[in-house]
$ cat query_10.pdb   # PDB, C-alpha atoms
ATOM      1  CA  MET A 216      -1.781  40.867  32.005
ATOM      2  CA  ARG A 217      -5.431  40.058  32.476
ATOM      3  CA  ASN A 218      -5.980  40.258  28.705
ATOM      4  CA  LEU A 219      -3.126  37.840  28.125
ATOM      5  CA  PHE A 220      -4.644  35.373  30.596
ATOM      6  CA  ILE A 221      -8.069  35.603  28.920
ATOM      7  CA  PHE A 222      -6.474  35.136  25.507
ATOM      8  CA  LEU A 223      -4.647  31.983  26.702
ATOM      9  CA  VAL A 224      -7.802  30.515  28.241
ATOM     10  CA  ILE A 225      -9.862  31.109  25.103
ATOM     11  CA  GLY A 226      -7.077  29.831  22.859
ATOM     12  CA  SER A 227      -6.732  26.677  24.944
ATOM     13  CA  ALA A 228     -10.479  26.106  24.778
ATOM     14  CA  PHE A 229     -10.429  26.265  20.977
ATOM     15  CA  ILE A 230      -7.516  23.874  20.692
ATOM     16  CA  SER A 231      -8.943  21.298  23.095
ATOM     17  CA  SER A 232     -12.432  21.496  21.601
ATOM     18  CA  TYR A 233     -11.001  20.758  18.143
ATOM     19  CA  SER A 234      -9.109  17.715  19.377
ATOM     20  CA  LEU A 235     -12.102  16.421  21.343
ATOM     21  CA  ALA A 236     -14.431  16.978  18.408
ATOM     22  CA  HIS A 237     -12.289  14.758  16.207
ATOM     23  CA  ALA A 238     -11.366  12.039  18.683
ATOM     24  CA  ASP A 239     -13.482   9.485  16.803
ATOM     25  CA  LYS A 240     -11.601  10.263  13.589
ATOM     26  CA  MET A 241      -8.315   9.557  15.328
ATOM     27  CA  LYS A 242      -9.626   6.162  16.467
ATOM     28  CA  SER A 243     -10.649   5.232  12.942
ATOM     29  CA  MET A 244      -7.255   6.337  11.642
ATOM     30  CA  ASP A 245      -5.629   4.095  14.229
ATOM     31  CA  HIS A 246      -7.279   1.012  12.787
ATOM     32  CA  SER A 247      -7.191   1.993   9.135
ATOM     33  CA  ARG A 248      -3.756   0.415   8.637
ATOM     34  CA  HIS A 249      -5.075  -2.923   9.892
ATOM     35  CA  SER A 250      -6.699  -3.817   6.623
ATOM     36  CA  HIS A 251      -7.753  -7.364   6.186
ATOM     37  CA  MET A 252      -6.037  -8.479   3.035
ATOM     38  CA  ASN A 253      -7.461 -11.293   1.028
ATOM     39  CA  GLU A 254      -6.399 -13.014  -2.181
ATOM     40  CA  GLU A 255      -8.528 -10.761  -4.361
ATOM     41  CA  LYS A 256      -7.002  -7.571  -2.927
ATOM     42  CA  VAL A 257      -3.463  -8.922  -3.188
ATOM     43  CA  ILE A 258      -3.953  -9.897  -6.832
ATOM     44  CA  SER A 259      -5.523  -6.518  -7.610
ATOM     45  CA  ILE A 260      -2.597  -4.670  -6.000
ATOM     46  CA  THR A 261      -0.150  -6.787  -8.005
ATOM     47  CA  VAL A 262      -1.887  -6.071 -11.323
ATOM     48  CA  LYS A 263      -2.065  -2.325 -10.577
ATOM     49  CA  THR A 264       1.617  -2.254  -9.650
ATOM     50  CA  ILE A 265       2.575  -4.048 -12.856
ATOM     51  CA  LYS A 266       0.605  -1.581 -14.955
ATOM     52  CA  LYS A 267       2.340   1.319 -13.160
ATOM     53  CA  MET A 268       5.718  -0.306 -13.765
ATOM     54  CA  THR A 269       5.105  -0.369 -17.539
ATOM     55  CA  PHE A 270       5.331   3.405 -17.764
ATOM     56  CA  LYS A 271       7.560   4.267 -14.802
ATOM     57  CA  ASP A 272      10.461   2.795 -12.873
ATOM     58  CA  LEU A 273       9.113   2.525  -9.320
ATOM     59  CA  GLY A 274      12.535   1.707  -7.868
ATOM     60  CA  TYR A 275      12.164  -2.065  -7.712
ATOM     61  CA  GLU A 276      14.798  -4.485  -9.040
ATOM     62  CA  PRO A 277      13.228  -5.097 -12.502
ATOM     63  CA  GLY A 278      12.892  -1.369 -13.217
ATOM     64  CA  LYS A 279      10.526  -0.192 -15.930
ATOM     65  CA  LEU A 280       8.728  -3.099 -17.592
ATOM     66  CA  PRO A 281       8.167  -3.539 -21.345
ATOM     67  CA  SER A 282       4.746  -2.592 -22.713
ATOM     68  CA  SER A 283       3.804  -6.279 -23.111
ATOM     69  CA  TRP A 284       3.190  -6.327 -19.342
ATOM     70  CA  GLU A 285       0.204  -3.973 -19.829
ATOM     71  CA  ASN A 286      -1.838  -6.978 -20.989
ATOM     72  CA  ILE A 287      -1.460  -8.816 -17.691
ATOM     73  CA  ASN A 288      -4.703  -9.812 -15.971
ATOM     74  CA  ASN A 289      -5.807 -11.539 -12.781
ATOM     75  CA  SER A 290      -5.460 -15.035 -14.251
ATOM     76  CA  ASP A 291      -1.718 -14.420 -14.795
ATOM     77  CA  VAL A 292      -1.177 -13.698 -11.092
ATOM     78  CA  ASN A 293      -0.878 -16.379  -8.391
ATOM     79  CA  ILE A 294      -0.253 -16.256  -4.670
ATOM     80  CA  VAL A 295       2.824 -18.371  -4.014
ATOM     81  CA  ASN A 296       3.143 -18.051  -0.251
ATOM     82  CA  VAL A 297       1.566 -16.341   2.745
ATOM     83  CA  HIS A 298       3.901 -15.964   5.695
ATOM     84  CA  GLU A 299       3.769 -13.765   8.826
ATOM     85  CA  GLY A 300       1.661 -10.970   7.393
ATOM     86  CA  SER A 301       3.171 -10.835   3.924
ATOM     87  CA  TYR A 302       2.276 -12.376   0.612
ATOM     88  CA  VAL A 303       4.606 -13.611  -2.113
ATOM     89  CA  VAL A 304       2.844 -13.322  -5.457
ATOM     90  CA  SER A 305       4.011 -14.414  -8.908
ATOM     91  CA  ALA A 306       2.974 -12.732 -12.137
ATOM     92  CA  THR A 307       3.773 -14.356 -15.462
ATOM     93  CA  ASN A 308       3.926 -12.600 -18.797
ATOM     94  CA  SER A 309       3.423 -15.373 -21.370
ATOM     95  CA  GLN A 310       4.395 -13.095 -24.284
ATOM     96  CA  VAL A 311       7.972 -12.640 -23.079
ATOM     97  CA  LYS A 312       8.021 -15.768 -20.884
ATOM     98  CA  GLN A 313       9.036 -13.841 -17.795
ATOM     99  CA  THR A 314       7.860 -14.207 -14.212
ATOM    100  CA  LEU A 315       8.123 -11.527 -11.547
ATOM    101  CA  TYR A 316       7.651 -12.055  -7.817
ATOM    102  CA  PHE A 317       6.070  -9.453  -5.554
ATOM    103  CA  ARG A 318       6.208  -9.275  -1.777
ATOM    104  CA  ILE A 319       3.162  -7.462  -0.410
ATOM    105  CA  ASP A 320       2.699  -6.819   3.297
ATOM    106  CA  ASP A 321      -0.597  -7.146   5.147
ATOM    107  CA  ASP A 322      -1.184  -3.386   4.827
ATOM    108  CA  GLY A 323      -1.226  -3.674   1.035
ATOM    109  CA  ASP A 324       2.163  -2.079   0.457
ATOM    110  CA  VAL A 325       4.432  -3.601  -2.185
ATOM    111  CA  VAL A 326       7.666  -4.207  -0.312
ATOM    112  CA  ALA A 327       9.769  -5.766  -3.065
ATOM    113  CA  VAL A 328       9.657  -6.958  -6.665
ATOM    114  CA  SER A 329      12.168  -9.448  -7.992
ATOM    115  CA  GLU A 330      12.789 -11.836 -10.847
ATOM    116  CA  ASN A 331      13.313 -14.644  -8.359
ATOM    117  CA  LYS A 332      11.244 -15.508  -5.318
ATOM    118  CA  GLY A 333      14.110 -15.549  -2.833
ATOM    119  CA  PHE A 334      13.562 -12.191  -1.135
TER
END

$ encode --input "query_10.pdb" --output "structure tokens"
Amino acid sequence: MRNLFIFLVIGSAFISSYSLAHADKMKSMDHSRHSHMNEEKVISITVKTIKKMTFKDLGYEPGKLPSSWENINNSDVNIVNVHEGSYVVSATNSQVKQTLYFRIDDDGDVVAVSENKGF
């Protein structure tokens, strides 16, 4: 019984020392989702998402995009609206004369992609 008690005390000490040693990491993780988005980041996320969508269907409404979308660059992307922590961004492919609209939240996650801007 005494050995069990000693084992529990030592085990508890190891567990609590690990959590106390990494308390600062937990604080930084808490605030990591509060990224401060700006126009440059939003446009970059949009371009990267488009390039991913040219080789894989990511589950958004337009599905897999034609290879002509690979040539999209930052000048083809415009921020249409910023509202309550989300961005509506348009991307235009002049080769196929098609525009896609992206809704990106303030954390940088692409929430929706559509061929019209009425999300």

$ resolve_selection --input "query_10.pdb" --expression "the PyMOL selection byres ((chain A and resi 317) around 12)" --output "ChimeraX atom specification"
/A:257-258,260-265,275-277,292-297,301-307,314-316,318-320,323-334

$ axis_aligned_box --input "query_10.pdb" --around "range 290-293 of chain A" --padding-each-side "5 Å" --output "JSON"
{"center_x": -3.2, "center_y": -15.0, "center_z": -11.6, "size_x": 14.6, "size_y": 12.7, "size_z": 16.4}

$ atom_distance --input "query_10.pdb" --atom1 "CA of Trp284 in chain A" --atom2 "CA of Asp272 in chain A"
13.3 Å

$ residues_around --input "query_10.pdb" --residues "Lys279 in chain A" --least-positions-apart "2" --cutoff "7 Å" --atoms "all atoms listed in the file" --output "list in words"
Met268, Thr269, Phe270, Lys271, Asp272, Pro277 and Pro281 of chain A

$ closest_residue --input "query_10.pdb" --among "A:Val224, A:Asp322, A:Lys267, A:Ser282" --to "His251 in chain A" --atoms "only C-alpha atoms"
A:Asp322

$ build_atoms --input "query_10.pdb" --residues "range 274-300 of chain A" --atoms "N, CA, C and O atoms" --output "tab-separated table (two decimals), keeping the file's coordinate frame"
chain	number	residue	atom	x	y	z
A	274	GLY	N	11.41	1.92	-8.76
A	274	GLY	CA	12.54	1.71	-7.87
A	274	GLY	C	12.75	0.26	-7.46
A	274	GLY	O	13.61	-0.03	-6.64
A	275	TYR	N	11.97	-0.65	-8.02
A	275	TYR	CA	12.16	-2.06	-7.71
A	275	TYR	C	13.22	-2.65	-8.64
A	275	TYR	O	13.58	-2.06	-9.65
A	276	GLU	N	13.71	-3.84	-8.31
A	276	GLU	CA	14.80	-4.49	-9.04
A	276	GLU	C	14.57	-4.56	-10.56
A	276	GLU	O	15.47	-4.22	-11.32
A	277	PRO	N	13.39	-4.98	-11.05
A	277	PRO	CA	13.23	-5.10	-12.50
A	277	PRO	C	13.19	-3.76	-13.25
A	277	PRO	O	13.37	-3.73	-14.46
A	278	GLY	N	12.96	-2.68	-12.56
A	278	GLY	CA	12.89	-1.37	-13.22
A	278	GLY	C	11.61	-1.21	-14.01
A	278	GLY	O	10.59	-1.80	-13.70
A	279	LYS	N	11.68	-0.42	-15.07
A	279	LYS	CA	10.53	-0.19	-15.93
A	279	LYS	C	10.30	-1.44	-16.79
A	279	LYS	O	11.23	-1.95	-17.40
A	280	LEU	N	9.05	-1.88	-16.85
A	280	LEU	CA	8.73	-3.10	-17.59
A	280	LEU	C	8.37	-2.78	-19.04
A	280	LEU	O	7.86	-1.69	-19.33
A	281	PRO	N	8.58	-3.73	-19.95
A	281	PRO	CA	8.17	-3.54	-21.34
A	281	PRO	C	6.64	-3.42	-21.46
A	281	PRO	O	5.90	-3.88	-20.59
A	282	SER	N	6.18	-2.84	-22.55
A	282	SER	CA	4.75	-2.59	-22.71
A	282	SER	C	3.93	-3.88	-22.79
A	282	SER	O	2.72	-3.85	-22.57
A	283	SER	N	4.54	-5.01	-23.06
A	283	SER	CA	3.80	-6.28	-23.11
A	283	SER	C	3.19	-6.63	-21.75
A	283	SER	O	2.23	-7.39	-21.67
A	284	TRP	N	3.73	-6.08	-20.69
A	284	TRP	CA	3.19	-6.33	-19.34
A	284	TRP	C	1.86	-5.62	-19.12
A	284	TRP	O	1.15	-5.94	-18.18
A	285	GLU	N	1.49	-4.67	-19.98
A	285	GLU	CA	0.20	-3.97	-19.83
A	285	GLU	C	-0.97	-4.93	-20.00
A	285	GLU	O	-2.07	-4.65	-19.52
A	286	ASN	N	-0.76	-6.03	-20.70
A	286	ASN	CA	-1.84	-6.98	-20.99
A	286	ASN	C	-2.04	-8.01	-19.90
A	286	ASN	O	-2.82	-8.94	-20.06
A	287	ILE	N	-1.35	-7.86	-18.79
A	287	ILE	CA	-1.46	-8.82	-17.69
A	287	ILE	C	-2.85	-8.72	-17.07
A	287	ILE	O	-3.43	-7.64	-17.00
A	288	ASN	N	-3.40	-9.84	-16.65
A	288	ASN	CA	-4.70	-9.81	-15.97
A	288	ASN	C	-4.66	-10.73	-14.75
A	288	ASN	O	-3.65	-11.35	-14.47
A	289	ASN	N	-5.76	-10.80	-14.05
A	289	ASN	CA	-5.81	-11.54	-12.78
A	289	ASN	C	-5.45	-13.01	-12.93
A	289	ASN	O	-4.90	-13.62	-12.02
A	290	SER	N	-5.75	-13.61	-14.08
A	290	SER	CA	-5.46	-15.04	-14.25
A	290	SER	C	-3.96	-15.30	-14.40
A	290	SER	O	-3.51	-16.44	-14.24
A	291	ASP	N	-3.17	-14.27	-14.67
A	291	ASP	CA	-1.72	-14.42	-14.80
A	291	ASP	C	-1.00	-14.26	-13.46
A	291	ASP	O	0.22	-14.37	-13.40
A	292	VAL	N	-1.75	-13.99	-12.41
A	292	VAL	CA	-1.18	-13.70	-11.09
A	292	VAL	C	-1.59	-14.80	-10.12
A	292	VAL	O	-2.76	-15.18	-10.06
A	293	ASN	N	-0.61	-15.32	-9.37
A	293	ASN	CA	-0.88	-16.38	-8.39
A	293	ASN	C	-0.20	-16.07	-7.07
A	293	ASN	O	0.93	-15.57	-7.05
A	294	ILE	N	-0.86	-16.41	-5.99
A	294	ILE	CA	-0.25	-16.26	-4.67
A	294	ILE	C	0.59	-17.50	-4.41
A	294	ILE	O	0.09	-18.62	-4.44
A	295	VAL	N	1.88	-17.28	-4.20
A	295	VAL	CA	2.82	-18.37	-4.01
A	295	VAL	C	2.90	-18.78	-2.55
A	295	VAL	O	2.94	-19.96	-2.22
A	296	ASN	N	2.92	-17.77	-1.66
A	296	ASN	CA	3.14	-18.05	-0.25
A	296	ASN	C	2.54	-16.94	0.60
A	296	ASN	O	2.55	-15.78	0.20
A	297	VAL	N	2.02	-17.31	1.75
A	297	VAL	CA	1.57	-16.34	2.74
A	297	VAL	C	2.32	-16.67	4.02
A	297	VAL	O	2.25	-17.79	4.52
A	298	HIS	N	3.08	-15.68	4.53
A	298	HIS	CA	3.90	-15.96	5.70
A	298	HIS	C	4.03	-14.72	6.56
A	298	HIS	O	4.48	-13.68	6.09
A	299	GLU	N	3.61	-14.81	7.82
A	299	GLU	CA	3.77	-13.76	8.83
A	299	GLU	C	3.38	-12.38	8.31
A	299	GLU	O	4.15	-11.43	8.35
A	300	GLY	N	2.18	-12.27	7.78
A	300	GLY	CA	1.66	-10.97	7.39
A	300	GLY	C	2.15	-10.45	6.06
A	300	GLY	O	1.97	-9.28	5.75
